[in-house]
Amino acid sequence: MVSSPVTQQNRRGPGRPAKRKGRRARKIVIVLLVLAGLLVGADFALAAVAEHTVSQKAREQLGLTEDPSVTVHGFPFTTQALAGEYRHISVSATGVPVQDTLRDVGVRAELRGVDAPLSDLTAGNVDNITISDVEGQVRIKDSDMANVDPLDKIENLRIAPSTEDYVHHGDEPNVEENLSEEENKKDSSSTGVRLSGEVQIAGDRVEIVAFAIIDLDGNTVRISPQRLEFGNGEERTVVPPEVQKVLLPNFEADISTGSLPFTVTPTAIEVEDGAIVVKGTAENVRFSGMSGN
């Protein structure tokens, strides 16, 4: 019996099912990737809706002209939304007015352990939203501080951090003005501050530097100047005692920070280049108390 010859067509036959399986597998992978992309997109879209709702309500309570920035941390958002429990939400705003003096206060709040039922959130109802822990802070720029009496008499007011030791003893040798990184991060209700600007003396504009202790008394920042120096570029000249008595009151001021968000109690103050930051914490508060009133 003569066997039939093996042709090219016969050789290709067994490979076809494998190719079909490969194409089917690729289609399944593509479909899964598309579905995953749609789910991720839907998750981000839902998070954006929630952030917008919180932002609008925060705008109303803080009396802002623009929506503050709101970020819901953690992924996926959908699982947090369905459970009505959010691990971490950040809210920040600038241009917050305080009384009739400060117009550009920065407010920031870190909310942890937020309980917000999805039905309330989508309906824009924030009255029932509760928060386990809040870290709040307000940031006051030196340009805003320049509106406070009597600091408004100083031209080009600038502030910078200093140490309490340097404030009291900076005219003595071997006393360092710069804070170490560890000291700068330490929470305290008082610290040193360096204020500088120009004042008019006998018709001349003179650069003057004041070294002061800044204390936190409730919602009030109290600036108590201790000594002065005349400035001339990098050179400094100690101001005579009799002149200091006349000029020191120009740097003495009480600044109301207003209420921190979420009824946070102010507990610490620090000085940055160009700003004062007041911090505090609170527990078990409601989102409806964001304005601090």
# chains A, B, ... in the order shown; residues from 1 in each chain; ligands from 1
call {"tool": "residues_around", "arguments": {"residues": "segment 235-250 of chain A", "least_positions_apart": "3", "cutoff": "8 Å", "atoms": "only C-alpha atoms", "output": "VMD selection string"}}
result
chain A and resid 150 to 151 153 to 154 171 210 225 to 232
call {"tool": "write_last_selection", "arguments": {"atoms": "N, CA and C atoms", "output": "compact mmCIF listing (two decimals), in the first residue's frame"}}
result
# COMPACT_ATOMS: atom_id res chain seq x y z
N PRO A 150 0.59 98.32 64.91
CA PRO A 150 1.30 99.42 64.26
C PRO A 150 2.27 98.96 63.18
N LEU A 151 2.22 97.67 62.79
CA LEU A 151 3.14 97.18 61.77
C LEU A 151 2.92 97.85 60.42
N LYS A 153 3.01 100.81 59.86
CA LYS A 153 3.88 101.98 59.76
C LYS A 153 5.27 101.60 59.24
N ILE A 154 5.51 100.30 59.07
CA ILE A 154 6.81 99.81 58.59
C ILE A 154 6.69 99.47 57.12
N ASP A 171 23.37 90.02 70.36
CA ASP A 171 24.47 90.97 70.30
C ASP A 171 25.70 90.48 71.06
N ALA A 210 14.13 94.06 63.80
CA ALA A 210 13.64 93.82 65.16
C ALA A 210 13.67 92.33 65.45
N PRO A 225 8.69 92.62 70.76
CA PRO A 225 10.06 92.93 70.35
C PRO A 225 10.98 93.09 71.55
N GLN A 226 12.21 92.60 71.41
CA GLN A 226 13.18 92.65 72.51
C GLN A 226 14.35 93.59 72.24
N ARG A 227 14.77 93.66 71.00
CA ARG A 227 15.91 94.52 70.67
C ARG A 227 15.90 94.85 69.18
N LEU A 228 16.65 95.89 68.82
CA LEU A 228 16.68 96.38 67.44
C LEU A 228 18.12 96.50 66.94
N GLU A 229 18.25 96.42 65.62
CA GLU A 229 19.52 96.70 64.96
C GLU A 229 19.24 97.55 63.73
N PHE A 230 20.15 98.48 63.43
CA PHE A 230 20.09 99.18 62.16
C PHE A 230 20.71 98.29 61.10
N GLY A 231 20.10 98.24 59.93
CA GLY A 231 20.64 97.41 58.86
C GLY A 231 21.21 98.26 57.75
N ASN A 232 22.26 97.73 57.15
CA ASN A 232 22.87 98.37 55.98
C ASN A 232 23.49 97.27 55.13
call {"tool": "residues_around", "arguments": {"residues": "Val96 of chain A", "least_positions_apart": "2", "cutoff": "12 Å", "atoms": "only C-alpha atoms", "output": "ChimeraX atom specification"}}
result
/A:58-68,92-94,98-108,138-141,144,257-261,291
call {"tool": "residues_around", "arguments": {"residues": "Asn125 of chain A", "least_positions_apart": "2", "cutoff": "12 Å", "atoms": "only C-alpha atoms", "output": "list in words"}}
result
Ala50, Thr53, Val54, Gln56, Lys57, Ala58, Ala116, Pro117, Leu118, Ser119, Asp120, Leu121, Thr122, Ala123, Asp127, Asn128, Ile129, Thr130, Arg286, Phe287 and Ser288 of chain A
call {"tool": "write_last_selection", "arguments": {"atoms": "C-alpha atoms", "output": "PDB file, in the first residue's frame"}}
result
ATOM      1  CA  ALA A  50     -17.141  63.811  45.828  1.00  0.00           C
ATOM      2  CA  THR A  53     -19.181  68.468  46.581  1.00  0.00           C
ATOM      3  CA  VAL A  54     -16.886  68.845  49.600  1.00  0.00           C
ATOM      4  CA  GLN A  56     -18.403  73.674  47.354  1.00  0.00           C
ATOM      5  CA  LYS A  57     -19.571  73.152  50.931  1.00  0.00           C
ATOM      6  CA  ALA A  58     -16.183  74.256  52.285  1.00  0.00           C
ATOM      7  CA  ALA A 116     -19.623  60.234  55.132  1.00  0.00           C
ATOM      8  CA  PRO A 117     -22.536  58.114  53.857  1.00  0.00           C
ATOM      9  CA  LEU A 118     -22.558  58.037  50.051  1.00  0.00           C
ATOM     10  CA  SER A 119     -26.211  59.125  49.894  1.00  0.00           C
ATOM     11  CA  ASP A 120     -25.445  62.272  51.932  1.00  0.00           C
ATOM     12  CA  LEU A 121     -22.330  63.054  49.919  1.00  0.00           C
ATOM     13  CA  THR A 122     -24.035  62.771  46.528  1.00  0.00           C
ATOM     14  CA  ALA A 123     -26.965  64.848  47.813  1.00  0.00           C
ATOM     15  CA  ASP A 127     -24.385  67.905  58.228  1.00  0.00           C
ATOM     16  CA  ASN A 128     -23.993  64.224  59.129  1.00  0.00           C
ATOM     17  CA  ILE A 129     -20.351  63.904  58.060  1.00  0.00           C
ATOM     18  CA  THR A 130     -18.122  63.235  61.086  1.00  0.00           C
ATOM     19  CA  ARG A 286     -18.483  67.499  62.242  1.00  0.00           C
ATOM     20  CA  PHE A 287     -17.789  68.819  58.777  1.00  0.00           C
ATOM     21  CA  SER A 288     -20.496  71.439  59.332  1.00  0.00           C
TER      22      SER A 288
END
call {"tool": "select_by_dssp", "arguments": {"residues": "segment 202-251 of chain A", "states": "alpha helix (DSSP H)", "output": "ChimeraX atom specification"}}
result
/A:241-247
call {"tool": "select_by_dssp", "arguments": {"residues": "segment 206-272 of chain A", "states": "strand (DSSP E)", "output": "VMD selection string"}}
result
chain A and resid 206 to 217 220 to 232 235 to 238 253 to 256 265 to 272
call {"tool": "closest_residue", "arguments": {"among": "A:Glu283, A:Glu110, A:Glu272, A:Asp254", "to": "Met145 of chain A", "atoms": "only C-alpha atoms"}}
result
A:Asp254
call {"tool": "closest_residue", "arguments": {"among": "A:His168, A:Lys279, A:Arg87, A:Arg158", "to": "Thr267 of chain A", "atoms": "only C-alpha atoms"}}
result
A:Lys279
call {"tool": "atom_distance", "arguments": {"atom1": "atom CA of Val134 of chain A", "atom2": "atom CA of Pro266 of chain A"}}
result
11.9 Å
call {"tool": "closest_residue", "arguments": {"among": "A:Thr79, A:Ser90, A:Thr263, A:Thr220", "to": "Val278 of chain A", "atoms": "only C-alpha atoms"}}
result
A:Thr220
call {"tool": "residues_around", "arguments": {"residues": "Ser189 of chain A", "least_positions_apart": "2", "cutoff": "7 Å", "atoms": "only C-alpha atoms", "output": "ChimeraX atom specification"}}
result
/A:215-216,267-269
call {"tool": "atom_distance", "arguments": {"atom1": "atom CA of Tyr86 of chain A", "atom2": "atom CA of Asn284 of chain A"}}
result
14.3 Å
call {"tool": "closest_residue", "arguments": {"among": "A:Val148, A:Val206, A:Ala212, A:Val167", "to": "Ala253 of chain A", "atoms": "only C-alpha atoms"}}
result
A:Val148
call {"tool": "atom_distance", "arguments": {"atom1": "atom CA of Gly170 of chain A", "atom2": "atom CA of Asp204 of chain A"}}
result
26.2 Å
call {"tool": "decode", "arguments": {"residues": "segment 61-187 of chain A", "atoms": "C-alpha atoms", "output": "PDB file, in the first residue's frame"}}
result
ATOM      1  CA  GLN A  61     -18.654  77.787  55.205  1.00  0.00           C
ATOM      2  CA  LEU A  62     -15.375  79.674  54.830  1.00  0.00           C
ATOM      3  CA  GLY A  63     -16.947  82.528  52.858  1.00  0.00           C
ATOM      4  CA  LEU A  64     -14.559  82.155  49.911  1.00  0.00           C
ATOM      5  CA  THR A  65     -14.872  83.533  46.401  1.00  0.00           C
ATOM      6  CA  GLU A  66     -13.404  80.367  44.871  1.00  0.00           C
ATOM      7  CA  ASP A  67     -13.649  76.648  45.624  1.00  0.00           C
ATOM      8  CA  PRO A  68     -10.849  75.364  47.896  1.00  0.00           C
ATOM      9  CA  SER A  69      -8.691  72.437  46.882  1.00  0.00           C
ATOM     10  CA  VAL A  70      -9.952  69.036  48.067  1.00  0.00           C
ATOM     11  CA  THR A  71      -8.137  65.713  47.669  1.00  0.00           C
ATOM     12  CA  VAL A  72      -9.497  62.310  48.692  1.00  0.00           C
ATOM     13  CA  HIS A  73      -6.498  60.076  49.302  1.00  0.00           C
ATOM     14  CA  GLY A  74      -6.438  56.324  48.809  1.00  0.00           C
ATOM     15  CA  PHE A  75      -7.303  54.013  45.913  1.00  0.00           C
ATOM     16  CA  PRO A  76      -9.737  52.729  44.965  1.00  0.00           C
ATOM     17  CA  PHE A  77     -12.133  55.495  45.919  1.00  0.00           C
ATOM     18  CA  THR A  78     -15.219  53.389  45.134  1.00  0.00           C
ATOM     19  CA  THR A  79     -14.697  50.971  48.024  1.00  0.00           C
ATOM     20  CA  GLN A  80     -14.354  53.897  50.440  1.00  0.00           C
ATOM     21  CA  ALA A  81     -17.472  55.553  49.014  1.00  0.00           C
ATOM     22  CA  LEU A  82     -19.597  52.398  49.255  1.00  0.00           C
ATOM     23  CA  ALA A  83     -18.499  51.901  52.874  1.00  0.00           C
ATOM     24  CA  GLY A  84     -18.969  55.605  53.624  1.00  0.00           C
ATOM     25  CA  GLU A  85     -15.560  55.677  55.320  1.00  0.00           C
ATOM     26  CA  TYR A  86     -12.583  57.664  54.052  1.00  0.00           C
ATOM     27  CA  ARG A  87      -9.081  57.292  55.433  1.00  0.00           C
ATOM     28  CA  HIS A  88      -7.684  60.730  54.576  1.00  0.00           C
ATOM     29  CA  ILE A  89      -9.056  63.904  52.970  1.00  0.00           C
ATOM     30  CA  SER A  90      -7.072  67.136  52.508  1.00  0.00           C
ATOM     31  CA  VAL A  91      -8.733  70.546  52.292  1.00  0.00           C
ATOM     32  CA  SER A  92      -6.760  73.727  51.577  1.00  0.00           C
ATOM     33  CA  ALA A  93      -7.691  77.287  50.688  1.00  0.00           C
ATOM     34  CA  THR A  94      -5.996  80.641  50.190  1.00  0.00           C
ATOM     35  CA  GLY A  95      -7.357  84.149  50.325  1.00  0.00           C
ATOM     36  CA  VAL A  96      -9.435  83.497  53.437  1.00  0.00           C
ATOM     37  CA  PRO A  97     -10.469  86.816  55.084  1.00  0.00           C
ATOM     38  CA  VAL A  98     -10.129  87.263  58.855  1.00  0.00           C
ATOM     39  CA  GLN A  99     -12.034  90.197  60.323  1.00  0.00           C
ATOM     40  CA  ASP A 100     -11.279  93.449  58.468  1.00  0.00           C
ATOM     41  CA  THR A 101      -7.490  93.242  58.554  1.00  0.00           C
ATOM     42  CA  LEU A 102      -6.187  89.975  57.131  1.00  0.00           C
ATOM     43  CA  ARG A 103      -7.327  89.220  53.582  1.00  0.00           C
ATOM     44  CA  ASP A 104      -5.037  86.443  52.369  1.00  0.00           C
ATOM     45  CA  VAL A 105      -4.858  83.837  55.137  1.00  0.00           C
ATOM     46  CA  GLY A 106      -4.085  80.292  54.045  1.00  0.00           C
ATOM     47  CA  VAL A 107      -6.113  77.505  55.668  1.00  0.00           C
ATOM     48  CA  ARG A 108      -5.293  73.800  55.540  1.00  0.00           C
ATOM     49  CA  ALA A 109      -6.935  70.812  57.198  1.00  0.00           C
ATOM     50  CA  GLU A 110      -5.974  67.141  57.122  1.00  0.00           C
ATOM     51  CA  LEU A 111      -9.030  65.007  57.897  1.00  0.00           C
ATOM     52  CA  ARG A 112      -8.583  61.393  58.951  1.00  0.00           C
ATOM     53  CA  GLY A 113     -11.240  58.808  59.671  1.00  0.00           C
ATOM     54  CA  VAL A 114     -14.058  60.579  57.795  1.00  0.00           C
ATOM     55  CA  ASP A 115     -17.516  58.990  58.069  1.00  0.00           C
ATOM     56  CA  ALA A 116     -19.623  60.234  55.132  1.00  0.00           C
ATOM     57  CA  PRO A 117     -22.536  58.114  53.857  1.00  0.00           C
ATOM     58  CA  LEU A 118     -22.558  58.037  50.051  1.00  0.00           C
ATOM     59  CA  SER A 119     -26.211  59.125  49.894  1.00  0.00           C
ATOM     60  CA  ASP A 120     -25.445  62.272  51.932  1.00  0.00           C
ATOM     61  CA  LEU A 121     -22.330  63.054  49.919  1.00  0.00           C
ATOM     62  CA  THR A 122     -24.035  62.771  46.528  1.00  0.00           C
ATOM     63  CA  ALA A 123     -26.965  64.848  47.813  1.00  0.00           C
ATOM     64  CA  GLY A 124     -24.608  67.577  49.056  1.00  0.00           C
ATOM     65  CA  ASN A 125     -25.635  67.052  52.679  1.00  0.00           C
ATOM     66  CA  VAL A 126     -22.578  67.465  54.908  1.00  0.00           C
ATOM     67  CA  ASP A 127     -24.385  67.905  58.228  1.00  0.00           C
ATOM     68  CA  ASN A 128     -23.993  64.224  59.129  1.00  0.00           C
ATOM     69  CA  ILE A 129     -20.351  63.904  58.060  1.00  0.00           C
ATOM     70  CA  THR A 130     -18.122  63.235  61.086  1.00  0.00           C
ATOM     71  CA  ILE A 131     -14.333  63.245  61.369  1.00  0.00           C
ATOM     72  CA  SER A 132     -12.237  61.304  63.877  1.00  0.00           C
ATOM     73  CA  ASP A 133      -9.062  63.406  63.750  1.00  0.00           C
ATOM     74  CA  VAL A 134      -8.253  66.823  62.309  1.00  0.00           C
ATOM     75  CA  GLU A 135      -4.920  68.589  61.917  1.00  0.00           C
ATOM     76  CA  GLY A 136      -5.582  72.239  61.066  1.00  0.00           C
ATOM     77  CA  GLN A 137      -3.396  75.240  60.405  1.00  0.00           C
ATOM     78  CA  VAL A 138      -3.587  78.840  59.267  1.00  0.00           C
ATOM     79  CA  ARG A 139      -0.767  80.623  57.450  1.00  0.00           C
ATOM     80  CA  ILE A 140      -0.402  84.406  57.713  1.00  0.00           C
ATOM     81  CA  LYS A 141       1.901  86.099  55.202  1.00  0.00           C
ATOM     82  CA  ASP A 142       4.104  89.043  56.150  1.00  0.00           C
ATOM     83  CA  SER A 143       2.348  91.073  53.431  1.00  0.00           C
ATOM     84  CA  ASP A 144      -0.917  90.534  55.337  1.00  0.00           C
ATOM     85  CA  MET A 145       0.711  91.283  58.700  1.00  0.00           C
ATOM     86  CA  ALA A 146       1.739  94.647  57.272  1.00  0.00           C
ATOM     87  CA  ASN A 147      -1.943  95.679  57.471  1.00  0.00           C
ATOM     88  CA  VAL A 148      -1.999  95.313  61.278  1.00  0.00           C
ATOM     89  CA  ASP A 149      -1.459  98.370  63.467  1.00  0.00           C
ATOM     90  CA  PRO A 150       1.296  99.424  64.256  1.00  0.00           C
ATOM     91  CA  LEU A 151       3.142  97.177  61.766  1.00  0.00           C
ATOM     92  CA  ASP A 152       1.451  99.150  58.997  1.00  0.00           C
ATOM     93  CA  LYS A 153       3.883 101.980  59.762  1.00  0.00           C
ATOM     94  CA  ILE A 154       6.812  99.813  58.593  1.00  0.00           C
ATOM     95  CA  GLU A 155       7.538  99.771  54.881  1.00  0.00           C
ATOM     96  CA  ASN A 156       8.417  96.500  53.115  1.00  0.00           C
ATOM     97  CA  LEU A 157       7.841  94.394  56.228  1.00  0.00           C
ATOM     98  CA  ARG A 158       9.556  91.010  56.059  1.00  0.00           C
ATOM     99  CA  ILE A 159       9.752  88.193  58.613  1.00  0.00           C
ATOM    100  CA  ALA A 160      12.042  85.214  59.067  1.00  0.00           C
ATOM    101  CA  PRO A 161      12.638  82.569  61.748  1.00  0.00           C
ATOM    102  CA  SER A 162      15.085  83.093  64.573  1.00  0.00           C
ATOM    103  CA  THR A 163      15.906  81.424  67.886  1.00  0.00           C
ATOM    104  CA  GLU A 164      14.708  82.730  71.235  1.00  0.00           C
ATOM    105  CA  ASP A 165      18.319  82.688  72.415  1.00  0.00           C
ATOM    106  CA  TYR A 166      19.363  84.933  69.532  1.00  0.00           C
ATOM    107  CA  VAL A 167      16.434  87.262  70.146  1.00  0.00           C
ATOM    108  CA  HIS A 168      17.626  87.874  73.712  1.00  0.00           C
ATOM    109  CA  HIS A 169      21.394  87.565  73.294  1.00  0.00           C
ATOM    110  CA  GLY A 170      22.187  88.042  69.603  1.00  0.00           C
ATOM    111  CA  ASP A 171      24.469  90.972  70.295  1.00  0.00           C
ATOM    112  CA  GLU A 172      26.754  88.636  72.242  1.00  0.00           C
ATOM    113  CA  PRO A 173      29.451  86.473  70.576  1.00  0.00           C
ATOM    114  CA  ASN A 174      28.896  82.785  69.667  1.00  0.00           C
ATOM    115  CA  VAL A 175      25.104  83.036  69.647  1.00  0.00           C
ATOM    116  CA  GLU A 176      23.563  81.344  66.580  1.00  0.00           C
ATOM    117  CA  GLU A 177      20.507  82.856  64.889  1.00  0.00           C
ATOM    118  CA  ASN A 178      19.619  80.000  62.530  1.00  0.00           C
ATOM    119  CA  LEU A 179      17.373  77.217  63.788  1.00  0.00           C
ATOM    120  CA  SER A 180      18.395  73.615  63.326  1.00  0.00           C
ATOM    121  CA  GLU A 181      16.032  71.424  61.323  1.00  0.00           C
ATOM    122  CA  GLU A 182      14.977  69.630  64.509  1.00  0.00           C
ATOM    123  CA  GLU A 183      14.252  72.900  66.349  1.00  0.00           C
ATOM    124  CA  ASN A 184      12.284  74.263  63.399  1.00  0.00           C
ATOM    125  CA  LYS A 185       9.939  71.244  63.394  1.00  0.00           C
ATOM    126  CA  LYS A 186       9.362  71.305  67.143  1.00  0.00           C
ATOM    127  CA  ASP A 187       5.813  72.280  68.083  1.00  0.00           C
TER     128      ASP A 187
END
